[in-house]
Each structure stands twice: as structure tokens, then as C-alpha cells.
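Here is the structure we will look at, set down as C-alpha cells.
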Amino acid sequence: LQAQKNLTGFVEPSISLNIKPESPWSYNFTIANRDILYKKEEFDTEVKHIELAQYTSLNVGLYGKLTAGIRYRFIEMFDEHKDNEIRLVEQYSYSTKIKTLKASHRFRIAQRFRERTTHRLRYRFLVDIPLNGQRSDVKEFSLSLSTESVFETGKEEKPSLGQRLTSSLSYQISSNTKFKFGVEYRYRNYTQTPRTELFLLTGLSLSL
């Protein structure tokens with residue numbers, strides 16, 4: 001009950017560019033913006049940050065992928081009391097397909113460099129389901145459902161656990177363009193002082 005009182009609502013639009021050459025390598029470039037819409041039990045509007053991210057991936061075997069990335073958040077221009085943030089990301093993902101359903105596992109390690117340094121361990125399980133046939137073709141929808149566990153720790157903070165539940169609907173606009181709309185519920189730090197966050201997510205993805 002206390003966590004529900006500590007609810008913060010966000011909106012997070014993003015645009016990403018995926019480059020997939022004829023090789024085992026692939027590249028992703030993303031720009032995203034996060035705004036607060038609701039906090040302290042009232043509606044409010046506040047820009048949280050703008051983020052630039054780049055990921056480089058290497059296919060490993062038939063279903064695996066190794067990825068390394070860097071994310072930079074511009075925070076100081078919106079809050080002079082906080083520093084900009086750099087994140088380093090290392091992850092392994094594994095995907096399989098069972099009939100029309102695609103299931104994937106993702107193991108991620110991340111380091112957050114800001115006023116203090118935080119280390120994160122994350123595991124996500126996701127299923128993707130086409131809604132108009134055997135696969136998601138042009139002008140068709142697909143549904144994604146995922147759950148992710150997050151463990152955080154650092155020299156200057158106590159270890160904490162959290163859980164994320166995400167549901168999103170994607171529409172394949174063209175062979176290389178996809179639009180996504182989703183909702184993500186985060187239950188954070190439930191071993192100490194729980195708080196909840198609700199995200200409205202929108203994303204436009206272009207592939208080359």
C-alpha cells in the first residue's frame with residue numbers, strides 16, 4: 001500500500017535506428033526522452049532527461065547474441081543539482097521460436113556512473129506473439145509481454161531488488177519501419193522502501 005502512494009508516472013518516447021549488414025554484427029542507435037507526468041499524488045509535467053545510446057551486437061551460434069553498449073543521459077540541463085550520467089552495458093540474449101511464439105532470455109550487467117556508482121544485474125524473459133498470422137508482416141500487429149528482475153548495489157548504497165512488467169503492441173508500418181506503444185510497471189526496492197513507477201512507452205524503429 002505504501003508503494004502505491006509512492007507512485008510516479010512517466011512518458012518515454014524514443015526513436016531508434018538499426019543497422020544490420022550482411023555479417024554477424026549489428027548496430028543500434030537510439031535517442032529517448034523521459035518526462036514526469038505524475039508524482040506526489042498529483043499530475044505535473046517535468047522533463048527528466050534526454051538519453052543517447054549505442055549498442056553493438058555479435059551473433060553467437062544460431063540463437064545467441066552478445067551485446068555491448070553505452071548510454072549517456074543529459075540531466076544537468078533540467079536539474080542543476082544532479083550530474084549527467086554514463087551507463088555501460090554488457091549482455092547476452094538467447095531467442096527461440098515455438099510455432100508462432102518467440103521467446104527470449106536476456107542477461108544484462110550494467111554500470112551507472114553519476115553522483116555515485118551503481119552496479120546492476122538484470123534478467124528478462126520476453127514473449128512476442130503475432131496477432132495476424134504465423135509472423136508479423138507489413139501492416140500487422142504483434143504483442144510483447146515481458147518480466148524483468150533487477151538487482152542493484154553499490155559502495156554507497158544498500159543492495160535492492162525490483163521487478164518490471166511490460167506489455168507492448170507493435171505495428172509493422174513497412175518492411176523496415178515499426179511503431180510500438182506499451183506500458184511498463186516497475187516495483188522498485190521492495191526489500192527496503194518500496195516505490196512504484198508507471199511508464200507509457202512509444203517507439204519508432206527504423207532498420208537498414
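Letters for chains follow the order of the C-alpha cells (A, B, ...), residue numbers begin at 1 for each chain, and ligand numbers begin at 1 in the order shown.
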Residues of range 50-172 of chain A classed as strand (DSSP E) by DSSP on the backbone are to be reported as a PyMOL selection string. chain A and resi 50-60+64-74+85-98+101-113+117-130+141-154+157-172
Find the residues near range 197-207 of chain A: any atom within 9 Å, counting only C-alpha atoms, skip ones fewer than 5 places away on the same chain, and give them as number ranges by chain. A: 4, 6-20, 30, 32, 168, 175-188
Selection: 8 Å around Asn33 in chain A, only C-alpha atoms, excl. self and same-chain fewer than 2 positions, as a list in words: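 Result of the neighbour search: Glu12, Pro13, Ser14, Ile31, Asp35, Val47, Lys48, His49, Ile50 and Glu51 of chain A.
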What does the distance from CA of Thr118 in chain A to CA of Ile70 in chain A come to in Å, to one decimal?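 CA of Thr118 in chain A sits 14.9 Å away from CA of Ile70 in chain A.
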I want to know what sits within 6 Å of Glu152 in chain A, based on only C-alpha atoms, with residues of the same chain fewer than 3 positions away left out; could you give that as a VMD selection string? chain A and resid 119 to 120 159 to 160
Show which residues sit within 7 Å of range 127-144 of chain A, as an MDAnalysis selection string. Count only C-alpha atoms, and ignore same-chain residues fewer than 6 positions away. chainID A and resid 100:104 167:175
Nearest to Arg87 in chain A, chosen from A:Leu58, A:Ala110, A:Leu145, A:Val150, with only C-alpha atoms counted in the distances: A:Ala110
Pick the closest to Glu76 in chain A from A:Glu115, A:Ser93, A:Glu42, A:Leu208: which is it, counting only C-alpha atoms?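 When distances to Glu76 in chain A are compared using only C-alpha atoms, the smallest one comes from A:Glu115.
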